[in-house]
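Student: Quick one: structure below, then a few questions.
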Amino acid sequence: MSLFPQDILSAAETIIRDFTAAGLMVSTAESCTGGLISGALTEISGSSAVVDRGFVTYTNTAKIELLGVQEQTLLSFGAVSEETARQMAHGALFRSRAAIAIAVTGIAGPGGGSAEKPIGLVHLAAKSRSGALIHRKMLYGDIGRSEVRLATVRTALDMVHSLLAG
């Protein structure tokens, strides 16, 4: 029995298979998902050849200290922003041996939302060593904390696979 639904496991299996075949590694930088992306990937046998490391940076201080997110970025745009997600992805990539890094920051709820940044808002960024970068702003809605987090894992795995596929 797994902690994750079958669609997430299938996506993770594809990533582990394709990254293993390419001889590449991935790293994660997670805020609102609290390590669930790394957890989904490491649920798959053989993931030790692919998953280099994961950063769970729930606080702004952790984002600054572990990933090199600029304090001014957090002050100007907030933790839940495209700018922060991009800097998190960059930090995870260049503080690891990964070829691709995925970063997520968002508001899973049930509290913490505002008119400008509602519950269910998540910014994701995936970056490769070649400089390719994908950003997605997702508005999952107030569908419940667990569902926002799982939806974010699904989107993140899709972005990692898309970046690998080119």
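Please note that chains go A, B, ... in the order of the structure tokens, that every chain numbers its residues from 1, and that ligands are numbered from 1 in the order shown.
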Return as JSON lines the residues of region 70-164 of chain A lying at most 10 Å from region 42-64 of chain A, together with the closest atom-to-atom pair for each and the distance in Å to one decimal, counting only C-alpha atoms, with rows in chain order and ascending residue number.

Tutor:
```
{"residue": "A:Gln70", "atom": "CA", "partner": "A:Ile64", "partner_atom": "CA", "distance": 6.2}
{"residue": "A:Glu71", "atom": "CA", "partner": "A:Ile64", "partner_atom": "CA", "distance": 6.6}
{"residue": "A:Thr73", "atom": "CA", "partner": "A:Ile64", "partner_atom": "CA", "distance": 9.9}
{"residue": "A:Leu74", "atom": "CA", "partner": "A:Asn60", "partner_atom": "CA", "distance": 7.4}
{"residue": "A:Leu75", "atom": "CA", "partner": "A:Asn60", "partner_atom": "CA", "distance": 9.8}
{"residue": "A:Gly78", "atom": "CA", "partner": "A:Asn60", "partner_atom": "CA", "distance": 9.1}
{"residue": "A:Ala79", "atom": "CA", "partner": "A:Asn60", "partner_atom": "CA", "distance": 6.8}
{"residue": "A:Thr84", "atom": "CA", "partner": "A:Lys63", "partner_atom": "CA", "distance": 8.7}
{"residue": "A:Ala85", "atom": "CA", "partner": "A:Lys63", "partner_atom": "CA", "distance": 10.0}
{"residue": "A:Gln87", "atom": "CA", "partner": "A:Lys63", "partner_atom": "CA", "distance": 9.0}
{"residue": "A:Met88", "atom": "CA", "partner": "A:Lys63", "partner_atom": "CA", "distance": 7.0}
{"residue": "A:Gly91", "atom": "CA", "partner": "A:Lys63", "partner_atom": "CA", "distance": 8.9}
{"residue": "A:Ala92", "atom": "CA", "partner": "A:Phe55", "partner_atom": "CA", "distance": 7.2}
{"residue": "A:Leu93", "atom": "CA", "partner": "A:Arg53", "partner_atom": "CA", "distance": 9.8}
{"residue": "A:Arg95", "atom": "CA", "partner": "A:Arg53", "partner_atom": "CA", "distance": 9.3}
{"residue": "A:Ser96", "atom": "CA", "partner": "A:Asp52", "partner_atom": "CA", "distance": 6.8}
{"residue": "A:Arg97", "atom": "CA", "partner": "A:Asp52", "partner_atom": "CA", "distance": 6.5}
{"residue": "A:Ala98", "atom": "CA", "partner": "A:Asp52", "partner_atom": "CA", "distance": 6.2}
{"residue": "A:Ala99", "atom": "CA", "partner": "A:Asp52", "partner_atom": "CA", "distance": 9.6}
{"residue": "A:Ala101", "atom": "CA", "partner": "A:Gly54", "partner_atom": "CA", "distance": 9.3}
{"residue": "A:Ile102", "atom": "CA", "partner": "A:Gly54", "partner_atom": "CA", "distance": 9.5}
{"residue": "A:Ala103", "atom": "CA", "partner": "A:Phe55", "partner_atom": "CA", "distance": 9.1}
{"residue": "A:Val104", "atom": "CA", "partner": "A:Thr57", "partner_atom": "CA", "distance": 9.8}
{"residue": "A:Thr105", "atom": "CA", "partner": "A:Tyr58", "partner_atom": "CA", "distance": 8.6}
```

Student: Would you save the residues from that selection as a PDB file, in the first residue's frame, using N, CA and C atoms?

Tutor:
```pdb
ATOM      1  N   GLN A  70      16.503  35.677  -2.268  1.00  0.00           N
ATOM      2  CA  GLN A  70      16.866  37.015  -1.805  1.00  0.00           C
ATOM      3  C   GLN A  70      15.802  37.549  -0.851  1.00  0.00           C
ATOM      4  N   GLU A  71      16.248  38.117   0.263  1.00  0.00           N
ATOM      5  CA  GLU A  71      15.315  38.689   1.228  1.00  0.00           C
ATOM      6  C   GLU A  71      14.447  39.760   0.571  1.00  0.00           C
ATOM      7  N   THR A  73      13.385  39.846  -2.439  1.00  0.00           N
ATOM      8  CA  THR A  73      12.333  39.183  -3.224  1.00  0.00           C
ATOM      9  C   THR A  73      11.142  38.859  -2.325  1.00  0.00           C
ATOM     10  N   LEU A  74      11.432  38.315  -1.158  1.00  0.00           N
ATOM     11  CA  LEU A  74      10.370  37.963  -0.218  1.00  0.00           C
ATOM     12  C   LEU A  74       9.634  39.200   0.275  1.00  0.00           C
ATOM     13  N   LEU A  75      10.368  40.279   0.525  1.00  0.00           N
ATOM     14  CA  LEU A  75       9.741  41.521   0.983  1.00  0.00           C
ATOM     15  C   LEU A  75       8.895  42.160  -0.112  1.00  0.00           C
ATOM     16  N   GLY A  78       6.608  38.521  -1.761  1.00  0.00           N
ATOM     17  CA  GLY A  78       6.062  37.530  -0.841  1.00  0.00           C
ATOM     18  C   GLY A  78       6.590  36.139  -1.128  1.00  0.00           C
ATOM     19  N   ALA A  79       6.397  35.258  -0.144  1.00  0.00           N
ATOM     20  CA  ALA A  79       6.863  33.878  -0.292  1.00  0.00           C
ATOM     21  C   ALA A  79       6.104  33.159  -1.393  1.00  0.00           C
ATOM     22  N   THR A  84       9.688  34.181  -6.162  1.00  0.00           N
ATOM     23  CA  THR A  84      10.231  33.299  -5.128  1.00  0.00           C
ATOM     24  C   THR A  84      10.364  31.870  -5.648  1.00  0.00           C
ATOM     25  N   ALA A  85       9.366  31.382  -6.364  1.00  0.00           N
ATOM     26  CA  ALA A  85       9.437  30.017  -6.911  1.00  0.00           C
ATOM     27  C   ALA A  85      10.633  29.877  -7.848  1.00  0.00           C
ATOM     28  N   GLN A  87      13.445  31.621  -7.810  1.00  0.00           N
ATOM     29  CA  GLN A  87      14.686  31.626  -7.029  1.00  0.00           C
ATOM     30  C   GLN A  87      14.863  30.328  -6.248  1.00  0.00           C
ATOM     31  N   MET A  88      13.766  29.759  -5.774  1.00  0.00           N
ATOM     32  CA  MET A  88      13.844  28.465  -5.092  1.00  0.00           C
ATOM     33  C   MET A  88      14.345  27.387  -6.047  1.00  0.00           C
ATOM     34  N   GLY A  91      18.043  27.897  -6.677  1.00  0.00           N
ATOM     35  CA  GLY A  91      18.822  27.480  -5.514  1.00  0.00           C
ATOM     36  C   GLY A  91      18.910  25.973  -5.380  1.00  0.00           C
ATOM     37  N   ALA A  92      17.796  25.285  -5.602  1.00  0.00           N
ATOM     38  CA  ALA A  92      17.801  23.822  -5.501  1.00  0.00           C
ATOM     39  C   ALA A  92      18.659  23.189  -6.585  1.00  0.00           C
ATOM     40  N   LEU A  93      18.648  23.793  -7.751  1.00  0.00           N
ATOM     41  CA  LEU A  93      19.447  23.260  -8.858  1.00  0.00           C
ATOM     42  C   LEU A  93      20.940  23.417  -8.574  1.00  0.00           C
ATOM     43  N   ARG A  95      22.479  24.010  -5.770  1.00  0.00           N
ATOM     44  CA  ARG A  95      22.938  23.480  -4.492  1.00  0.00           C
ATOM     45  C   ARG A  95      22.767  21.964  -4.481  1.00  0.00           C
ATOM     46  N   SER A  96      22.808  21.377  -5.667  1.00  0.00           N
ATOM     47  CA  SER A  96      22.661  19.922  -5.801  1.00  0.00           C
ATOM     48  C   SER A  96      23.427  19.448  -7.029  1.00  0.00           C
ATOM     49  N   ARG A  97      23.365  18.151  -7.254  1.00  0.00           N
ATOM     50  CA  ARG A  97      23.963  17.557  -8.447  1.00  0.00           C
ATOM     51  C   ARG A  97      22.906  17.263  -9.502  1.00  0.00           C
ATOM     52  N   ALA A  98      21.728  17.829  -9.304  1.00  0.00           N
ATOM     53  CA  ALA A  98      20.606  17.549 -10.195  1.00  0.00           C
ATOM     54  C   ALA A  98      20.741  18.246 -11.543  1.00  0.00           C
ATOM     55  N   ALA A  99      20.133  17.653 -12.551  1.00  0.00           N
ATOM     56  CA  ALA A  99      20.029  18.265 -13.873  1.00  0.00           C
ATOM     57  C   ALA A  99      18.790  19.136 -13.957  1.00  0.00           C
ATOM     58  N   ALA A 101      15.577  20.866 -11.319  1.00  0.00           N
ATOM     59  CA  ALA A 101      15.012  21.099  -9.990  1.00  0.00           C
ATOM     60  C   ALA A 101      13.585  21.604 -10.147  1.00  0.00           C
ATOM     61  N   ILE A 102      12.748  21.214  -9.203  1.00  0.00           N
ATOM     62  CA  ILE A 102      11.359  21.683  -9.155  1.00  0.00           C
ATOM     63  C   ILE A 102      11.144  22.380  -7.811  1.00  0.00           C
ATOM     64  N   ALA A 103      10.464  23.526  -7.849  1.00  0.00           N
ATOM     65  CA  ALA A 103      10.186  24.285  -6.633  1.00  0.00           C
ATOM     66  C   ALA A 103       8.707  24.636  -6.574  1.00  0.00           C
ATOM     67  N   VAL A 104       8.156  24.601  -5.364  1.00  0.00           N
ATOM     68  CA  VAL A 104       6.746  24.950  -5.168  1.00  0.00           C
ATOM     69  C   VAL A 104       6.578  25.807  -3.919  1.00  0.00           C
ATOM     70  N   THR A 105       5.697  26.797  -4.029  1.00  0.00           N
ATOM     71  CA  THR A 105       5.347  27.634  -2.891  1.00  0.00           C
ATOM     72  C   THR A 105       3.902  28.076  -3.061  1.00  0.00           C
TER      73      THR A 105
END
```

Student: List the spatial neighbours of Phe94 (chain A) as a list in words - criterion: any atom at most 10 Å away, only C-alpha atoms, same-chain residues fewer than 6 positions off excluded.

Tutor: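 So, after excluding close chain neighbours, the residues are Ser27, Leu67, Gly68, Ile100, Ala101, Ser128 and Arg129 of chain A.
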
Student: Grab the residues selected above and save them as a PDB file, in the first residue's frame with N, CA and C atoms.

Tutor:
```pdb
ATOM      1  N   SER A  27      16.265  17.426  -8.122  1.00  0.00           N
ATOM      2  CA  SER A  27      16.167  17.917  -6.749  1.00  0.00           C
ATOM      3  C   SER A  27      14.853  18.682  -6.596  1.00  0.00           C
ATOM      4  N   LEU A  67      18.318  27.997   0.162  1.00  0.00           N
ATOM      5  CA  LEU A  67      18.162  28.099  -1.296  1.00  0.00           C
ATOM      6  C   LEU A  67      18.695  29.402  -1.879  1.00  0.00           C
ATOM      7  N   GLY A  68      19.064  30.337  -1.025  1.00  0.00           N
ATOM      8  CA  GLY A  68      19.591  31.602  -1.531  1.00  0.00           C
ATOM      9  C   GLY A  68      18.533  32.546  -2.074  1.00  0.00           C
ATOM     10  N   ILE A 100      17.787  18.809 -13.141  1.00  0.00           N
ATOM     11  CA  ILE A 100      16.523  19.542 -13.107  1.00  0.00           C
ATOM     12  C   ILE A 100      16.079  19.672 -11.657  1.00  0.00           C
ATOM     13  N   ALA A 101      15.577  20.866 -11.319  1.00  0.00           N
ATOM     14  CA  ALA A 101      15.012  21.099  -9.990  1.00  0.00           C
ATOM     15  C   ALA A 101      13.585  21.604 -10.147  1.00  0.00           C
ATOM     16  N   SER A 128      16.276  23.718 -15.512  1.00  0.00           N
ATOM     17  CA  SER A 128      17.295  22.737 -15.901  1.00  0.00           C
ATOM     18  C   SER A 128      18.660  23.408 -15.988  1.00  0.00           C
ATOM     19  N   ARG A 129      19.695  22.602 -15.977  1.00  0.00           N
ATOM     20  CA  ARG A 129      21.061  23.118 -16.090  1.00  0.00           C
ATOM     21  C   ARG A 129      21.285  23.847 -17.418  1.00  0.00           C
TER      22      ARG A 129
END
```

Student: Enter the distance from CA of Gly109 (chain A) to CA of Phe77 (chain A), in Å, rounded to one decimal.

Tutor: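 These atoms are spaced 19.4 Å apart.
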
Student: What is the distance between CA of Ser38 (chain A) and CA of Val148 (chain A), in Å to one decimal?

Tutor: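 If I compute the distance from CA of Ser38 (chain A) to CA of Val148 (chain A), I get 16.3 Å.
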
Student: Please identify all polymer residues within 9 Å of Thr155 (chain A), counting only C-alpha atoms, omitting same-chain residues fewer than 4 positions from it, and present them as number ranges by chain.

Tutor: A: 124, 136, 138, 150-151, 159-160
